[in-house]
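Just start-v1.txt here, compact mmCIF, C-alpha atoms and all ligand atoms:
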# COMPACT_ATOMS: atom_id res chain seq x y z
CA MET A 1168 -1.87 11.42 -26.35
CA LYS A 1169 -0.12 8.26 -27.59
CA HIS A 1170 0.68 6.79 -24.15
CA LEU A 1171 -0.31 7.65 -20.57
CA VAL A 1172 2.53 6.85 -18.19
CA SER A 1173 2.74 9.89 -15.89
CA MET A 1174 0.52 12.78 -14.82
CA ASN A 1175 3.55 15.00 -15.48
CA ASP A 1176 3.02 14.41 -19.23
CA LEU A 1177 -0.53 15.81 -19.23
CA SER A 1178 -1.31 19.49 -19.71
CA ARG A 1179 -4.02 21.18 -17.65
CA GLU A 1180 -6.23 21.17 -20.78
CA GLN A 1181 -5.70 17.45 -21.40
CA ILE A 1182 -6.62 16.68 -17.77
CA LEU A 1183 -9.79 18.77 -17.98
CA ASP A 1184 -10.71 17.13 -21.29
CA ILE A 1185 -10.42 13.65 -19.74
CA LEU A 1186 -12.52 14.78 -16.74
CA ASP A 1187 -15.20 16.15 -19.10
CA ASN A 1188 -15.28 12.84 -20.98
CA ALA A 1189 -15.47 10.92 -17.69
CA GLU A 1190 -18.44 13.10 -16.71
CA ALA A 1191 -20.11 12.36 -20.05
CA PHE A 1192 -19.63 8.61 -19.58
CA ALA A 1193 -20.96 8.88 -16.01
CA SER A 1194 -24.04 10.60 -17.44
CA GLY A 1195 -24.66 7.70 -19.81
CA GLU A 1196 -22.93 8.87 -22.98
CA GLU A 1197 -21.84 6.05 -25.25
CA TRP A 1198 -18.79 5.93 -27.50
CA GLN A 1199 -17.06 3.14 -29.33
CA PRO A 1200 -13.92 3.17 -31.47
CA LYS A 1201 -14.66 3.13 -35.22
CA ASN A 1202 -12.55 -0.01 -35.79
CA LYS A 1203 -12.28 -3.19 -33.76
CA MET A 1204 -9.71 -2.64 -30.98
CA PHE A 1205 -7.88 -5.05 -28.69
CA ALA A 1206 -6.48 -4.42 -25.19
CA THR A 1207 -4.42 -6.53 -22.80
CA ASN A 1208 -4.03 -5.91 -19.07
CA LEU A 1209 -0.67 -7.00 -17.62
CA PHE A 1210 -0.55 -6.80 -13.83
CA PHE A 1211 2.78 -7.85 -12.33
CA GLU A 1212 1.70 -6.51 -8.92
CA PRO A 1213 -1.56 -7.34 -7.12
CA SER A 1214 -4.64 -5.31 -8.02
CA THR A 1215 -8.37 -5.51 -7.50
CA ARG A 1216 -9.74 -2.09 -8.53
CA THR A 1217 -7.46 -0.98 -11.31
CA LYS A 1218 -7.44 -4.32 -13.16
CA THR A 1219 -11.17 -4.97 -12.96
CA SER A 1220 -12.18 -1.38 -13.69
CA PHE A 1221 -9.92 -1.27 -16.75
CA GLU A 1222 -11.52 -4.48 -17.95
CA MET A 1223 -15.00 -3.07 -17.28
CA ALA A 1224 -14.09 0.17 -19.12
CA GLU A 1225 -12.68 -1.77 -22.08
CA ARG A 1226 -15.77 -3.98 -22.34
CA LYS A 1227 -18.14 -1.00 -22.05
CA LEU A 1228 -16.33 0.60 -25.00
CA GLY A 1229 -16.62 -2.58 -27.06
CA ILE A 1230 -12.87 -3.24 -26.90
CA GLU A 1231 -11.89 -6.91 -27.10
CA VAL A 1232 -9.92 -7.91 -23.99
CA ILE A 1233 -7.11 -10.42 -24.62
CA PRO A 1234 -6.40 -12.32 -21.37
CA PHE A 1235 -2.82 -12.24 -20.06
CA GLU A 1236 -1.67 -14.34 -17.09
CA THR A 1237 1.52 -12.95 -15.54
CA GLY A 1238 1.97 -16.23 -13.63
CA SER A 1239 2.22 -18.33 -16.80
CA CYS A 1240 3.71 -16.05 -19.44
CA SER A 1241 7.10 -16.34 -21.16
CA LEU A 1242 8.66 -13.68 -18.93
CA LEU A 1243 9.08 -16.66 -16.60
CA LYS A 1244 11.28 -18.25 -19.29
CA GLY A 1245 13.53 -15.19 -19.44
CA GLU A 1246 11.76 -13.04 -22.03
CA THR A 1247 12.13 -9.33 -21.40
CA LEU A 1248 9.19 -7.02 -20.71
CA TYR A 1249 10.06 -5.14 -23.90
CA ASP A 1250 9.87 -8.34 -26.00
CA THR A 1251 6.61 -9.26 -24.28
CA ILE A 1252 5.06 -5.91 -25.20
CA LYS A 1253 6.44 -6.05 -28.77
CA THR A 1254 4.90 -9.54 -29.07
CA LEU A 1255 1.48 -8.16 -28.12
CA GLU A 1256 2.03 -5.36 -30.63
CA ALA A 1257 2.95 -7.90 -33.35
CA ILE A 1258 -0.17 -10.00 -32.83
CA GLY A 1259 -2.38 -6.93 -33.14
CA VAL A 1260 -3.08 -5.66 -29.62
CA ASN A 1261 -3.72 -1.89 -29.72
CA THR A 1262 -3.40 -0.99 -26.03
CA ALA A 1263 -1.41 -2.52 -23.17
CA VAL A 1264 -2.33 -1.58 -19.60
CA ILE A 1265 0.62 -2.42 -17.37
CA ARG A 1266 1.27 -2.42 -13.62
CA HIS A 1267 4.84 -3.23 -12.65
CA GLY A 1268 6.90 -3.09 -9.45
CA GLU A 1269 9.81 -1.26 -11.07
CA GLU A 1270 9.63 2.53 -11.13
CA ALA A 1271 9.55 3.88 -14.72
CA TYR A 1272 9.74 0.32 -16.14
CA TYR A 1273 8.78 1.79 -19.52
CA GLN A 1274 11.45 4.47 -19.79
CA SER A 1275 14.08 2.58 -21.78
CA PHE A 1276 11.69 1.38 -24.52
CA ILE A 1277 8.64 3.60 -24.72
CA ASP A 1278 9.92 5.42 -27.82
CA GLN A 1279 10.16 2.07 -29.65
CA LEU A 1280 6.50 1.14 -29.08
CA ASN A 1281 3.71 1.39 -31.61
CA ILE A 1282 1.27 -0.26 -29.20
CA GLN A 1283 -0.26 2.30 -26.85
CA LEU A 1284 0.81 2.00 -23.22
CA ILE A 1285 -1.21 2.96 -20.16
CA ASN A 1286 0.67 2.84 -16.88
CA ALA A 1287 -1.49 1.25 -14.18
CA GLY A 1288 1.17 1.89 -11.50
CA ASP A 1289 4.99 1.65 -11.51
CA GLY A 1290 6.66 0.94 -8.15
CA CYS A 1291 6.74 4.14 -6.08
CA GLY A 1292 6.48 6.19 -9.29
CA GLN A 1293 3.13 7.13 -10.82
CA HIS A 1294 -0.49 5.95 -10.95
CA PRO A 1295 -2.02 8.37 -13.46
CA THR A 1296 -5.49 6.82 -13.82
CA GLN A 1297 -5.90 6.78 -10.02
CA SER A 1298 -5.03 10.47 -9.99
CA LEU A 1299 -7.52 11.21 -12.76
CA LEU A 1300 -10.33 9.37 -10.98
CA ASP A 1301 -9.44 11.23 -7.77
CA LEU A 1302 -9.61 14.54 -9.67
CA PHE A 1303 -12.92 13.53 -11.22
CA THR A 1304 -14.35 12.70 -7.79
CA ILE A 1305 -13.19 16.05 -6.36
CA LYS A 1306 -14.57 17.99 -9.35
CA GLN A 1307 -17.88 16.12 -9.10
CA GLU A 1308 -18.10 17.11 -5.44
CA PHE A 1309 -16.92 20.72 -5.49
CA GLY A 1310 -17.43 21.73 -9.13
CA GLY A 1311 -13.76 22.72 -9.51
CA PHE A 1312 -10.41 22.94 -7.76
CA ASN A 1313 -9.67 26.63 -7.17
CA GLY A 1314 -8.90 27.37 -3.53
CA LEU A 1315 -9.57 23.81 -2.33
CA LYS A 1316 -7.29 22.42 0.35
CA VAL A 1317 -6.43 18.76 -0.23
CA ALA A 1318 -4.59 16.98 2.60
CA ILE A 1319 -2.75 13.83 1.47
CA ILE A 1320 -1.92 11.82 4.56
CA GLY A 1321 0.13 8.69 5.21
CA ASP A 1322 2.91 6.76 3.52
CA LEU A 1323 3.90 9.60 1.21
CA SER A 1324 7.38 8.47 0.17
CA HIS A 1325 6.13 5.12 -1.17
CA SER A 1326 2.94 6.49 -2.71
CA ARG A 1327 2.56 6.78 -6.47
CA VAL A 1328 -0.90 8.27 -5.80
CA ALA A 1329 0.63 11.21 -3.86
CA LYS A 1330 3.19 11.84 -6.60
CA SER A 1331 0.62 11.68 -9.39
CA ASN A 1332 -1.82 13.94 -7.55
CA HIS A 1333 0.46 16.65 -6.26
CA LYS A 1334 1.37 18.43 -9.51
CA ALA A 1335 -2.05 17.93 -11.11
CA LEU A 1336 -3.93 19.32 -8.12
CA SER A 1337 -1.61 22.33 -7.90
CA ALA A 1338 -1.90 22.97 -11.66
CA LEU A 1339 -5.69 22.95 -11.32
CA GLY A 1340 -5.61 25.55 -8.51
CA ALA A 1341 -5.88 23.43 -5.37
CA GLU A 1342 -3.55 23.76 -2.40
CA VAL A 1343 -1.97 20.43 -1.45
CA LEU A 1344 -0.96 19.74 2.16
CA TYR A 1345 0.82 16.66 3.43
CA SER A 1346 0.73 14.87 6.75
CA GLY A 1347 1.64 11.56 8.35
CA PRO A 1348 4.89 10.22 9.80
CA PRO A 1349 7.57 12.86 9.02
CA GLN A 1350 10.08 10.12 8.12
CA TRP A 1351 7.79 9.17 5.19
CA PHE A 1352 7.82 12.68 3.77
CA ASP A 1353 10.45 13.85 1.30
CA SER A 1354 10.16 17.54 0.44
CA ASN A 1355 12.27 16.95 -2.70
CA GLN A 1356 9.55 14.71 -4.16
CA LEU A 1357 6.58 16.77 -3.05
CA ASN A 1358 6.21 20.44 -2.11
CA SER A 1359 7.06 21.46 1.44
CA ASN A 1360 3.51 22.01 2.68
CA PHE A 1361 3.76 19.56 5.59
CA CYS A 1362 1.45 20.01 8.57
CA GLU A 1363 0.46 18.21 11.74
CA MET A 1364 -2.31 15.60 11.43
CA ASP A 1365 -4.71 17.35 13.80
CA ASN A 1366 -4.33 20.60 11.89
CA ALA A 1367 -4.61 18.93 8.46
CA VAL A 1368 -7.99 17.28 9.14
CA GLU A 1369 -9.43 20.56 10.46
CA ILE A 1370 -8.49 22.76 7.49
CA ALA A 1371 -8.82 20.34 4.55
CA ASP A 1372 -11.75 20.18 2.14
CA VAL A 1373 -10.50 16.77 1.03
CA VAL A 1374 -8.86 14.38 3.48
CA MET A 1375 -7.09 11.82 1.28
CA LEU A 1376 -5.67 8.92 3.23
CA LEU A 1377 -3.00 6.54 1.97
CA ARG A 1378 -2.34 2.90 2.78
CA ILE A 1379 0.93 1.97 4.48
CA GLN A 1380 2.76 0.17 1.66
CA HIS A 1381 4.46 -2.52 3.72
CA GLU A 1382 5.54 -4.31 0.54
CA ARG A 1383 7.82 -1.35 -0.32
CA HIS A 1384 9.34 -0.93 3.16
CA GLU A 1385 12.83 -2.29 3.71
CA SER A 1386 12.47 -2.72 7.47
CA THR A 1387 9.50 -3.74 9.59
CA SER A 1388 7.21 -0.95 10.75
CA PHE A 1389 8.50 1.34 13.49
CA MET A 1390 5.11 1.44 15.22
CA THR A 1391 2.14 -0.82 15.81
CA THR A 1392 -1.02 -0.41 13.77
CA GLU A 1393 -2.78 0.88 16.94
CA GLU A 1394 -0.08 3.54 17.41
CA TYR A 1395 -0.30 4.52 13.74
CA HIS A 1396 -4.09 4.85 13.94
CA SER A 1397 -3.89 6.98 17.04
CA LYS A 1398 -1.13 9.29 15.72
CA TYR A 1399 -1.83 9.48 11.99
CA GLY A 1400 -5.14 7.75 11.31
CA LEU A 1401 -8.54 9.32 10.69
CA THR A 1402 -10.06 8.41 14.03
CA ILE A 1403 -13.72 8.92 14.94
CA GLU A 1404 -12.64 11.87 17.08
CA ARG A 1405 -10.64 13.52 14.26
CA GLU A 1406 -13.50 13.04 11.77
CA LYS A 1407 -15.77 15.05 14.07
CA ARG A 1408 -13.39 18.02 13.67
CA MET A 1409 -13.42 17.96 9.85
CA LYS A 1410 -15.05 20.88 8.00
CA LYS A 1411 -18.80 20.63 7.40
CA ASP A 1412 -18.69 19.96 3.64
CA SER A 1413 -15.36 18.18 3.54
CA ILE A 1414 -14.96 14.68 2.15
CA ILE A 1415 -12.84 11.60 2.87
CA MET A 1416 -10.98 9.84 0.06
CA HIS A 1417 -8.67 6.82 -0.09
CA PRO A 1418 -7.37 5.08 -3.24
CA ALA A 1419 -7.87 1.69 -1.49
CA PRO A 1420 -7.24 -1.07 -0.62
CA VAL A 1421 -8.07 0.24 2.84
CA ASN A 1422 -6.57 -1.10 6.05
CA ARG A 1423 -9.56 -0.55 8.31
CA ASN A 1424 -8.66 0.79 11.76
CA VAL A 1425 -5.15 1.70 10.60
CA GLU A 1426 -5.32 4.77 8.32
CA ILE A 1427 -9.08 5.15 8.84
CA ALA A 1428 -11.54 3.97 11.50
CA ASP A 1429 -13.64 1.04 10.29
CA CYS A 1430 -16.98 2.86 10.67
CA LEU A 1431 -15.77 5.86 8.62
CA VAL A 1432 -15.04 3.88 5.44
CA GLU A 1433 -18.72 4.01 4.42
CA SER A 1434 -19.67 7.13 6.40
CA GLU A 1435 -21.52 10.14 5.02
CA LYS A 1436 -18.32 12.02 4.23
CA SER A 1437 -16.61 9.07 2.59
CA ARG A 1438 -16.28 8.94 -1.19
CA ILE A 1439 -14.13 5.81 -1.18
CA PHE A 1440 -16.56 3.58 -3.08
CA LYS A 1441 -17.59 6.53 -5.28
CA GLN A 1442 -13.92 6.77 -6.32
CA MET A 1443 -14.06 3.13 -7.44
CA GLU A 1444 -17.27 3.74 -9.41
CA ASN A 1445 -15.67 6.81 -11.01
CA GLY A 1446 -12.61 4.71 -11.89
CA VAL A 1447 -14.56 2.97 -14.65
CA PHE A 1448 -15.76 6.25 -16.25
CA THR A 1449 -12.32 7.82 -15.94
CA ARG A 1450 -10.62 4.81 -17.55
CA MET A 1451 -13.20 4.87 -20.35
CA ALA A 1452 -12.23 8.53 -20.90
CA VAL A 1453 -8.50 7.68 -20.92
CA LEU A 1454 -9.04 4.83 -23.40
CA LYS A 1455 -11.10 7.14 -25.60
CA SER A 1456 -8.32 9.79 -25.61
CA ILE A 1457 -5.69 7.18 -26.42
CA LEU A 1458 -7.66 5.34 -29.10
CA GLU A 1459 -8.77 8.53 -30.87
CA GLN A 1460 -5.12 9.24 -31.74
N1 LIG B 1501 -6.23 1.92 -5.94
C1 LIG B 1501 -5.67 0.85 -6.54
O1 LIG B 1501 -4.75 0.97 -7.37
O2 LIG B 1501 -6.20 -0.34 -6.15
P1 LIG B 1501 -5.72 -1.76 -6.67
O3 LIG B 1501 -4.29 -1.95 -6.16
O4 LIG B 1501 -6.66 -2.75 -6.07
O5 LIG B 1501 -5.73 -1.75 -8.15
If you took the structure in this file and wrote it as C-alpha cells, what would it be?
Ligand code: CP
Amino acid sequence: MKHLVSMNDLSREQILDILDNAEAFASGEEWQPKNKMFATNLFFEPSTRTKTSFEMAERKLGIEVIPFETGSCSLLKGETLYDTIKTLEAIGVNTAVIRHGEEAYYQSFIDQLNIQLINAGDGCGQHPTQSLLDLFTIKQEFGGFNGLKVAIIGDLSHSRVAKSNHKALSALGAEVLYSGPPQWFDSNQLNSNFCEMDNAVEIADVVMLLRIQHERHESTSFMTTEEYHSKYGLTIEREKRMKKDSIIMHPAPVNRNVEIADCLVESEKSRIFKQMENGVFTRMAVLKSILEQ
C-alpha cells in the first residue's frame, strides 16, 4: 500500500491485516521503522481527534513529526496543494497526512507523488482511518463481522464516515442499515437498506450515529435541534429498546442532545471514547503498512 486515500482501494485481506496490527499495538507490541522517517500533518479543515491521534501514533512509532501550520503556509501566497506536497517530498518528508475540504483533492496528482499520502478526510468523500478504527472497535467487541447489523444514522449524504464504512462493512460480512432524515439519504451513494429510526435502533448490533455537518449544508437546517433529537436522535427512550449486547458508536465530535442524549455519550453501551483510543492503534497500524512498502 503506497497511499491510503479511500477504503475502496483496500482489499478485505488488507483491512484485516491492518486490524490485526492495530490489535497487536493495542496489546503493547512495539514496532519502529528501520530508518529515520518524517511525517507532516496538514489539516485544512478543523480536527481534534484525527490530527492529535495521528501525531500520537507517529511519535509512538518514533517518526519525526514536522510541524505544518495551514494558517501561515505558502498556499496563502497562491502556491498549489500539489506544489506544497512536492515541496515536503523534496525536503525529505516520507508521509503526508492531509485533511482537505475538497472531495478527492488528491485525484489529479496522486500518481506524481513519491511521498506517501494518507487521506485524513476529503470533503464529503472518504475518511479511511476513521472507518478502520470503527472496524477495529466493532471487531474488538464482537470478534468479527459476520451477520452483524450496523445501523448508520444521521447526515448520510454529507458523511465521509458513512461512505468509507459501507463497502468495508459489507465486504466483511456485516449488514449495513441506514436511517435519519430521508432527504439526507442517497441510495446511489449507499445501498438501499433504509429503515425507520425506531426500527433501526431495535434491530442493530451497532448503532452508529453521525453529526449533522452544518458546514457542508447549503441552506439552514429544516428543523430545530430539539425536533432532530426527537425524530432521529438516540433518545433515552430509544436506547432502552436497543438489543442487550448492542453498542453505540459515533465518530465525534458529538453534538450532545442532538444526535445522542447527553447522558448516553458515556453510558455503558457507548464506545465513543473507546473509538478515540483505538484511533491511535489503528493509525499506528496504517503508518506501519505504508512505511513497510
Ligand atoms: N472523527 C473525526 O474525524 O474527528 P475530528 O474531526 O476531530 O478529527
Exercise. Which residue, A:Leu1336, A:Cys1291, A:Cys1240, A:Ile1252, has the smallest gap to Ser1324 in chain A when you use all atoms listed in the file?
Worked result: A:Cys1291
Exercise. So how far away is CA of His1417 in chain A from CA of Gly1311 in chain A, in Å?
Worked result: 19.2 Å
Exercise. Could you list, as a list in words, all the residues within 7 Å of ligand LIG 1501 (chain B), counting all atoms listed in the file?
Worked result: Pro1213, Ser1214, Thr1215, Arg1216, Thr1217, Lys1218, Gln1297, Pro1418, Ala1419 and Pro1420 of chain A
Problem set entry | Which of A:His1294, A:Arg1423, A:His1381, A:His1396 sits closest to Lys1330 in chain A [using only C-alpha atoms] | A:His1294
What's the 12 Å shell around Glu1197 in chain A, counting all atoms listed in the file, without same-chain residues fewer than 5 positions away, as a PDB file with C-alpha atoms, in the frame of the given file?
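Dumped everything to out25.pdb:
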ATOM      1  CA  ASN A1188     -15.280  12.840 -20.980  1.00  0.00           C
ATOM      2  CA  ALA A1189     -15.470  10.920 -17.690  1.00  0.00           C
ATOM      3  CA  GLU A1190     -18.440  13.100 -16.710  1.00  0.00           C
ATOM      4  CA  ALA A1191     -20.110  12.360 -20.050  1.00  0.00           C
ATOM      5  CA  PHE A1192     -19.630   8.610 -19.580  1.00  0.00           C
ATOM      6  CA  ALA A1224     -14.090   0.170 -19.120  1.00  0.00           C
ATOM      7  CA  LYS A1227     -18.140  -1.000 -22.050  1.00  0.00           C
ATOM      8  CA  LEU A1228     -16.330   0.600 -25.000  1.00  0.00           C
ATOM      9  CA  GLY A1229     -16.620  -2.580 -27.060  1.00  0.00           C
ATOM     10  CA  PHE A1448     -15.760   6.250 -16.250  1.00  0.00           C
ATOM     11  CA  MET A1451     -13.200   4.870 -20.350  1.00  0.00           C
ATOM     12  CA  ALA A1452     -12.230   8.530 -20.900  1.00  0.00           C
ATOM     13  CA  LYS A1455     -11.100   7.140 -25.600  1.00  0.00           C
TER      14      LYS A1455
END
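Here CA of Asn1445 in chain A stands at a distance of 6.8 Å from CA of Thr1304 in chain A.
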For this session: Please return, as a PyMOL selection string, all polymer residues that have at least one atom within 7 Å of the point (-0.7, 16.6, 3.5); use all atoms listed in the file and the file's own coordinate frame.
Result: chain A and resi 1318-1320+1343-1346+1360-1362+1367
For this session: Could you give me, as a list of chain:residue names, the residues within 10 Å of Leu1377 in chain A, counting all atoms listed in the file and dropping anything in the same chain fewer than 3 positions from it?
Result: A:Ile1319, A:Ile1320, A:Gly1321, A:Asp1322, A:Leu1323, A:His1325, A:Ser1326, A:Val1328, A:Ala1329, A:Gly1347, A:Val1374, A:Gln1380, A:Gly1400, A:Met1416, A:His1417, A:Pro1418, A:Ala1419, A:Pro1420, A:Val1421, A:Asn1422, A:Glu1426, A:Ile1427
Tell me, as a PDB file with C-alpha atoms, keeping the file's coordinate frame, which residues lie within 12 Å of Cys1430 in chain A, counting all atoms listed in the file; anything in the same chain fewer than 5 positions away does not count.
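Saved to result_12.pdb:
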ATOM      1  CA  LEU A1401      -8.540   9.320  10.690  1.00  0.00           C
ATOM      2  CA  THR A1402     -10.060   8.410  14.030  1.00  0.00           C
ATOM      3  CA  ILE A1403     -13.720   8.920  14.940  1.00  0.00           C
ATOM      4  CA  GLU A1404     -12.640  11.870  17.080  1.00  0.00           C
ATOM      5  CA  GLU A1406     -13.500  13.040  11.770  1.00  0.00           C
ATOM      6  CA  ARG A1423      -9.560  -0.550   8.310  1.00  0.00           C
ATOM      7  CA  ASN A1424      -8.660   0.790  11.760  1.00  0.00           C
ATOM      8  CA  VAL A1425      -5.150   1.700  10.600  1.00  0.00           C
ATOM      9  CA  GLU A1435     -21.520  10.140   5.020  1.00  0.00           C
ATOM     10  CA  LYS A1436     -18.320  12.020   4.230  1.00  0.00           C
ATOM     11  CA  SER A1437     -16.610   9.070   2.590  1.00  0.00           C
TER      12      SER A1437
END
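We find CA of Leu1454 in chain A and CA of Pro1234 in chain A to be spaced 17.5 Å apart.
The smallest atom-to-atom distance between Ala1338 in chain A and any of A:Ser1397, A:Asn1313, A:Gln1350, A:Asn1202, using all atoms listed in the file, is found for A:Asn1313.
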Problem set entry | Using all atoms listed in the file: which of A:Asn1175, A:Gln1274, A:Gln1293, A:Thr1219 has the shortest distance to Glu1444 in chain A | A:Thr1219
Exercise. Which residue, A:Ile1265, A:Leu1302, A:Met1364, A:Ile1379, has the smallest gap to Ala1341 in chain A when you use all atoms listed in the file?
Worked result: A:Leu1302
For this session: Using all atoms listed in the file, determine which residues lie at most 12 Å from Ile1182 in chain A, disregarding the query and same-chain residues fewer than 6 positions distant; provide the list as a PyMOL selection string.
Result: chain A and resi 1168+1171+1173-1176+1188-1189+1295-1296+1298-1303+1306+1332+1334-1336+1338-1339+1449+1452-1453+1456
For range 1195-1199 of chain A, I'd like the enclosing box, axis-aligned and padded by 3 Å on every side, reported as lines of an AutoDock Vina configuration file with centre and edge lengths in Å to one decimal.
center_x = -20.9
center_y = 6.0
center_z = -24.6
size_x = 13.6
size_y = 11.7
size_z = 15.5
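Closest approach to Ala1287 in chain A among A:Glu1270, A:Glu1180, A:Asp1429, A:Glu1459 is made by A:Glu1270 (distances from only C-alpha atoms).
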Problem set entry | Selection near Ile1277 in chain A, 12 Å with all atoms listed in the file, sequence-local residues under 5 positions removed, as a ChimeraX atom specification | /A:1169-1172,1248-1249,1252-1253,1263,1271-1272,1282-1286
Just the selected residues (C-alpha atoms), exported as a PDB file, in the coordinates of the input, please.
ATOM      1  CA  LYS A1169      -0.120   8.260 -27.590  1.00  0.00           C
ATOM      2  CA  HIS A1170       0.680   6.790 -24.150  1.00  0.00           C
ATOM      3  CA  LEU A1171      -0.310   7.650 -20.570  1.00  0.00           C
ATOM      4  CA  VAL A1172       2.530   6.850 -18.190  1.00  0.00           C
ATOM      5  CA  LEU A1248       9.190  -7.020 -20.710  1.00  0.00           C
ATOM      6  CA  TYR A1249      10.060  -5.140 -23.900  1.00  0.00           C
ATOM      7  CA  ILE A1252       5.060  -5.910 -25.200  1.00  0.00           C
ATOM      8  CA  LYS A1253       6.440  -6.050 -28.770  1.00  0.00           C
ATOM      9  CA  ALA A1263      -1.410  -2.520 -23.170  1.00  0.00           C
ATOM     10  CA  ALA A1271       9.550   3.880 -14.720  1.00  0.00           C
ATOM     11  CA  TYR A1272       9.740   0.320 -16.140  1.00  0.00           C
ATOM     12  CA  ILE A1282       1.270  -0.260 -29.200  1.00  0.00           C
ATOM     13  CA  GLN A1283      -0.260   2.300 -26.850  1.00  0.00           C
ATOM     14  CA  LEU A1284       0.810   2.000 -23.220  1.00  0.00           C
ATOM     15  CA  ILE A1285      -1.210   2.960 -20.160  1.00  0.00           C
ATOM     16  CA  ASN A1286       0.670   2.840 -16.880  1.00  0.00           C
TER      17      ASN A1286
END
